[in-house]
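Data block below; observations after.
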Amino acid sequence: MNESVPMTRQGYDRLKAEVNRLESEEMPLIAEKLAEARAEGDLKENAEYHAQRENQGMLMAKINEIKFKLANASIIDTSSLPKDTVSFGASVRVKDMEFGDEETFTLVGAGDEDYQTGKILVSSPIGQGLLGKKIGEIAEVNAPAGLLKFEVLGISFE
């Protein structure tokens, strides 16, 4: 299952730097702590040793996840995308049809997401529901919270 992971060049570079940091700084630190814990003796009842092994496993899983994204990266040039349709890189102002409040989402790729500022993954349920919509159209999103309906009020690109 090799699915493409859309991202910008900046997002790709950010993820690559994160992998390098994790491998060159975090992993050696955990290895050092493991060696210290191993030196304390009996490994069966050494809580520090087991905690560091767990940390090492979680860090390796994170590194592998990022490497998967990088290996399947599809660098998108947003300047070549249509400007009147919701697409990768678009900032979309929407109105929640149930509550009437307005929100703005920017559809980004891996490495660029920041949910606090409304930068959501284009592959997320909301991102997928908004893709291809034009101003005035209603997007129906099957989200874990149920069916969400958004009216597209505006589309812009930075």
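Residues are named by chain letter and number: chains run A, B, ... in the order of the structure tokens, numbers start at 1 in each chain, and ligands are numbered from 1 in the order shown.
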
Original post:
Hey, what does DSSP flag as strand (DSSP E or B) within chain A? Can you give it to me as a VMD selection string?
Top reply: chain A and resid 5 to 7 73 to 75 90 to 96 102 to 108 114 119 to 121 138 to 143 146 to 157

Output N, CA and C atoms for every residue in that selection, as a short mmCIF file (atom, residue, chain, number, x, y, z; two decimals), in the first residue's frame.
data_model
loop_
_atom_site.label_atom_id
_atom_site.label_comp_id
_atom_site.auth_asym_id
_atom_site.auth_seq_id
_atom_site.Cartn_x
_atom_site.Cartn_y
_atom_site.Cartn_z
N VAL A 5 2.18 10.83 -0.23
CA VAL A 5 2.00 11.76 0.87
C VAL A 5 2.31 13.16 0.34
N PRO A 6 1.26 13.95 0.05
CA PRO A 6 1.52 15.28 -0.51
C PRO A 6 2.14 16.21 0.53
N MET A 7 3.12 17.00 0.09
CA MET A 7 3.74 17.98 0.98
C MET A 7 4.49 19.01 0.15
N ALA A 73 6.81 10.75 -0.29
CA ALA A 73 6.49 12.16 -0.49
C ALA A 73 6.21 12.48 -1.94
N SER A 74 5.22 13.32 -2.13
CA SER A 74 4.90 13.86 -3.44
C SER A 74 4.94 15.38 -3.27
N ILE A 75 6.03 15.99 -3.77
CA ILE A 75 6.21 17.44 -3.60
C ILE A 75 5.23 18.16 -4.53
N ALA A 90 -4.58 25.51 -0.21
CA ALA A 90 -5.61 26.55 -0.14
C ALA A 90 -5.98 26.85 1.31
N SER A 91 -6.26 28.12 1.56
CA SER A 91 -6.88 28.52 2.83
C SER A 91 -8.35 28.66 2.51
N VAL A 92 -9.19 27.95 3.24
CA VAL A 92 -10.61 27.88 2.95
C VAL A 92 -11.39 28.43 4.13
N ARG A 93 -12.19 29.47 3.88
CA ARG A 93 -13.06 30.02 4.91
C ARG A 93 -14.40 29.33 4.75
N VAL A 94 -14.86 28.69 5.82
CA VAL A 94 -16.10 27.92 5.77
C VAL A 94 -17.04 28.35 6.88
N LYS A 95 -18.32 28.05 6.66
CA LYS A 95 -19.35 28.28 7.67
C LYS A 95 -19.89 26.92 8.06
N ASP A 96 -19.85 26.62 9.37
CA ASP A 96 -20.41 25.38 9.88
C ASP A 96 -21.92 25.49 9.78
N GLU A 102 -17.91 30.57 11.71
CA GLU A 102 -16.98 30.52 10.59
C GLU A 102 -15.60 30.07 11.08
N GLU A 103 -14.94 29.29 10.23
CA GLU A 103 -13.59 28.84 10.52
C GLU A 103 -12.77 28.93 9.24
N THR A 104 -11.46 28.97 9.39
CA THR A 104 -10.58 28.94 8.23
C THR A 104 -9.62 27.77 8.39
N PHE A 105 -9.56 26.95 7.35
CA PHE A 105 -8.64 25.81 7.33
C PHE A 105 -7.66 26.02 6.19
N THR A 106 -6.42 25.69 6.42
CA THR A 106 -5.43 25.68 5.35
C THR A 106 -5.04 24.22 5.14
N LEU A 107 -5.19 23.74 3.91
CA LEU A 107 -4.92 22.33 3.61
C LEU A 107 -3.44 22.17 3.29
N VAL A 108 -2.75 21.45 4.16
CA VAL A 108 -1.31 21.28 4.04
C VAL A 108 -0.94 19.80 4.01
N ASP A 114 -0.45 22.17 11.65
CA ASP A 114 -0.44 22.87 12.93
C ASP A 114 -1.91 23.14 13.27
N LYS A 119 -4.05 24.78 10.32
CA LYS A 119 -3.36 24.08 9.22
C LYS A 119 -3.61 22.59 9.40
N ILE A 120 -4.49 22.05 8.54
CA ILE A 120 -4.88 20.65 8.67
C ILE A 120 -4.35 19.85 7.48
N LEU A 121 -4.16 18.57 7.70
CA LEU A 121 -3.67 17.70 6.63
C LEU A 121 -4.73 17.59 5.53
N ILE A 138 -21.46 23.19 -0.73
CA ILE A 138 -21.53 22.59 0.59
C ILE A 138 -20.65 21.33 0.60
N ALA A 139 -19.78 21.25 1.60
CA ALA A 139 -18.94 20.06 1.78
C ALA A 139 -19.52 19.24 2.92
N GLU A 140 -19.75 17.96 2.64
CA GLU A 140 -20.20 17.04 3.68
C GLU A 140 -19.01 16.19 4.08
N VAL A 141 -18.73 16.18 5.38
CA VAL A 141 -17.55 15.50 5.90
C VAL A 141 -17.97 14.41 6.88
N ASN A 142 -17.59 13.19 6.58
CA ASN A 142 -17.81 12.10 7.52
C ASN A 142 -16.65 12.09 8.49
N ALA A 143 -16.87 12.64 9.66
CA ALA A 143 -15.83 12.74 10.68
C ALA A 143 -16.18 11.80 11.83
N GLY A 146 -19.33 12.53 13.55
CA GLY A 146 -20.56 12.43 12.77
C GLY A 146 -20.46 13.23 11.48
N LEU A 147 -21.58 13.43 10.81
CA LEU A 147 -21.60 14.15 9.54
C LEU A 147 -21.54 15.66 9.80
N LEU A 148 -20.52 16.30 9.24
CA LEU A 148 -20.36 17.75 9.36
C LEU A 148 -20.64 18.37 8.00
N LYS A 149 -21.28 19.53 8.00
CA LYS A 149 -21.56 20.23 6.75
C LYS A 149 -20.96 21.63 6.82
N PHE A 150 -20.19 21.98 5.81
CA PHE A 150 -19.55 23.28 5.72
C PHE A 150 -19.90 23.93 4.39
N GLU A 151 -20.25 25.22 4.44
CA GLU A 151 -20.42 25.99 3.21
C GLU A 151 -19.10 26.72 2.95
N VAL A 152 -18.60 26.61 1.73
CA VAL A 152 -17.34 27.26 1.37
C VAL A 152 -17.64 28.75 1.11
N LEU A 153 -17.05 29.63 1.92
CA LEU A 153 -17.26 31.07 1.78
C LEU A 153 -16.14 31.77 1.03
N GLY A 154 -14.94 31.23 1.10
CA GLY A 154 -13.81 31.87 0.44
C GLY A 154 -12.65 30.92 0.27
N ILE A 155 -11.88 31.14 -0.80
CA ILE A 155 -10.69 30.34 -1.09
C ILE A 155 -9.56 31.31 -1.38
N SER A 156 -8.43 31.12 -0.73
CA SER A 156 -7.28 31.96 -1.02
C SER A 156 -6.01 31.12 -0.94
N PHE A 157 -4.97 31.64 -1.57
CA PHE A 157 -3.66 30.99 -1.54
C PHE A 157 -2.64 32.01 -1.10
#

**OP:** Go through A:Glu54, A:Tyr49, A:Arg21, A:Phe88 and flag the residue nearest Ala37 of chain A, using only C-alpha atoms for the distances.
**Re:** A:Tyr49

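Distance check against Asp112 of chain A using only C-alpha atoms: of A:Ala47, A:Met97, A:Gly89, A:Ile30, the minimum falls on A:Gly89.
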
Subject >> Spatial neighbours of Val19 of chain A, 8 Å, only C-alpha atoms, chain gap at least 5 places, as a list in words >> reply: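 After dropping sequence-adjacent residues, the list is Ile63, Ile66 and Lys67 of chain A.
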
Written file, previous selection with N, CA and C atoms, as a PDB file, in the first residue's frame:
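Final output, selection_22.pdb:
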ATOM      1  N   ILE A  63      10.531   7.658  14.195  1.00  0.00           N
ATOM      2  CA  ILE A  63      11.490   7.823  13.099  1.00  0.00           C
ATOM      3  C   ILE A  63      11.007   7.064  11.859  1.00  0.00           C
ATOM      4  N   ILE A  66       8.101   8.877  10.115  1.00  0.00           N
ATOM      5  CA  ILE A  66       8.550  10.040   9.351  1.00  0.00           C
ATOM      6  C   ILE A  66       9.285   9.593   8.090  1.00  0.00           C
ATOM      7  N   LYS A  67      10.118   8.549   8.208  1.00  0.00           N
ATOM      8  CA  LYS A  67      10.836   8.041   7.037  1.00  0.00           C
ATOM      9  C   LYS A  67       9.863   7.509   5.986  1.00  0.00           C
TER      10      LYS A  67
END

Show me a table, sorted first by chain and then by increasing residue number, of the residues of segment 61-124 of chain A having an atom at most 7 Å from segment 8-13 of chain A, each with its shortest atom pair and the distance in Å to one decimal, counting only C-alpha atoms and written as CSV.
residue,atom,partner,partner_atom,distance
A:Leu70,CA,A:Tyr12,CA,6.7
A:Ile75,CA,A:Thr8,CA,5.3
A:Ile76,CA,A:Thr8,CA,5.5
A:Gly109,CA,A:Thr8,CA,6.6
A:Ala110,CA,A:Gly11,CA,6.4
A:Gly111,CA,A:Gly11,CA,4.4
A:Asp112,CA,A:Gly11,CA,5.2

Original post:
Hey, which of A:Gln52, A:Thr78, A:Asn20, A:Gln128 ends up closest to Ala35 of chain A? Count only C-alpha atoms.
Top reply: A:Gln52

Subject >> DSSP alpha helix (DSSP H) residues within segment 31-79 of chain A, as a VMD selection string >> reply: chain A and resid 31 to 38 47 to 71

Could you write those residues out with N, CA and C atoms, as a compact mmCIF listing (two decimals), in the first residue's frame?
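Output below, filename result_12.txt:
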# COMPACT_ATOMS: atom_id res chain seq x y z
N ALA A 31 20.36 5.70 24.20
CA ALA A 31 21.35 4.62 24.29
C ALA A 31 22.25 4.81 25.50
N GLU A 32 22.61 6.05 25.77
CA GLU A 32 23.44 6.36 26.94
C GLU A 32 22.70 6.02 28.24
N LYS A 33 21.42 6.41 28.31
CA LYS A 33 20.62 6.13 29.50
C LYS A 33 20.41 4.62 29.67
N LEU A 34 20.27 3.91 28.55
CA LEU A 34 20.13 2.45 28.60
C LEU A 34 21.40 1.81 29.18
N ALA A 35 22.53 2.29 28.72
CA ALA A 35 23.80 1.74 29.22
C ALA A 35 23.95 1.99 30.72
N GLU A 36 23.56 3.18 31.18
CA GLU A 36 23.62 3.49 32.61
C GLU A 36 22.70 2.58 33.40
N ALA A 37 21.48 2.37 32.88
CA ALA A 37 20.52 1.51 33.58
C ALA A 37 20.99 0.06 33.58
N ARG A 38 21.59 -0.39 32.47
CA ARG A 38 22.09 -1.75 32.36
C ARG A 38 23.21 -1.99 33.38
N ALA A 47 13.49 -1.02 36.62
CA ALA A 47 12.43 -0.20 36.01
C ALA A 47 13.00 0.85 35.05
N GLU A 48 14.13 1.42 35.39
CA GLU A 48 14.74 2.44 34.53
C GLU A 48 15.14 1.84 33.19
N TYR A 49 15.69 0.64 33.22
CA TYR A 49 16.08 -0.05 31.99
C TYR A 49 14.86 -0.29 31.10
N HIS A 50 13.79 -0.80 31.68
CA HIS A 50 12.59 -1.09 30.91
C HIS A 50 11.94 0.19 30.37
N ALA A 51 11.99 1.26 31.14
CA ALA A 51 11.44 2.54 30.69
C ALA A 51 12.24 3.07 29.49
N GLN A 52 13.57 2.95 29.55
CA GLN A 52 14.39 3.43 28.44
C GLN A 52 14.22 2.56 27.20
N ARG A 53 14.02 1.26 27.38
CA ARG A 53 13.75 0.38 26.23
C ARG A 53 12.43 0.79 25.56
N GLU A 54 11.44 1.11 26.39
CA GLU A 54 10.15 1.55 25.85
C GLU A 54 10.31 2.87 25.11
N ASN A 55 11.07 3.81 25.70
CA ASN A 55 11.33 5.09 25.03
C ASN A 55 12.05 4.88 23.70
N GLN A 56 12.99 3.96 23.68
CA GLN A 56 13.74 3.67 22.46
C GLN A 56 12.78 3.12 21.38
N GLY A 57 11.88 2.24 21.77
CA GLY A 57 10.92 1.68 20.82
C GLY A 57 9.98 2.74 20.27
N MET A 58 9.51 3.63 21.13
CA MET A 58 8.60 4.69 20.67
C MET A 58 9.32 5.66 19.75
N LEU A 59 10.57 5.98 20.06
CA LEU A 59 11.34 6.88 19.21
C LEU A 59 11.60 6.24 17.85
N MET A 60 11.92 4.95 17.85
CA MET A 60 12.15 4.25 16.59
C MET A 60 10.88 4.24 15.74
N ALA A 61 9.73 4.04 16.38
CA ALA A 61 8.46 4.05 15.65
C ALA A 61 8.21 5.42 15.03
N LYS A 62 8.52 6.48 15.77
CA LYS A 62 8.35 7.84 15.26
C LYS A 62 9.27 8.09 14.07
N ILE A 63 10.53 7.66 14.20
CA ILE A 63 11.49 7.82 13.10
C ILE A 63 11.01 7.06 11.86
N ASN A 64 10.55 5.83 12.06
CA ASN A 64 10.07 5.03 10.93
C ASN A 64 8.85 5.65 10.26
N GLU A 65 7.95 6.22 11.05
CA GLU A 65 6.77 6.88 10.50
C GLU A 65 7.18 8.07 9.64
N ILE A 66 8.10 8.88 10.11
CA ILE A 66 8.55 10.04 9.35
C ILE A 66 9.28 9.59 8.09
N LYS A 67 10.12 8.55 8.21
CA LYS A 67 10.84 8.04 7.04
C LYS A 67 9.86 7.51 5.99
N PHE A 68 8.76 6.89 6.42
CA PHE A 68 7.74 6.42 5.48
C PHE A 68 7.15 7.59 4.72
N LYS A 69 6.82 8.67 5.45
CA LYS A 69 6.27 9.86 4.80
C LYS A 69 7.25 10.43 3.79
N LEU A 70 8.53 10.49 4.16
CA LEU A 70 9.54 11.03 3.26
C LEU A 70 9.70 10.14 2.02
N ALA A 71 9.68 8.83 2.22
CA ALA A 71 9.85 7.90 1.10
C ALA A 71 8.69 7.97 0.12

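Proximity ranking of A:Pro144, A:Ser79, A:Asp84, A:Asp42 relative to Glu158 of chain A places A:Ser79 first, based on only C-alpha atoms.
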
Subject >> Atomic distance atom CA of Gln116 of chain A - atom CA of Asp101 of chain A, expressed in Å with one decimal >> reply: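 Pair atom CA of Gln116 of chain A / atom CA of Asp101 of chain A returns 17.0 Å.
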
Original post:
What is the distance, in Å and to one decimal place, between atom CA of Gly129 of chain A and atom CA of Ser87 of chain A?
Top reply: 10.8 Å
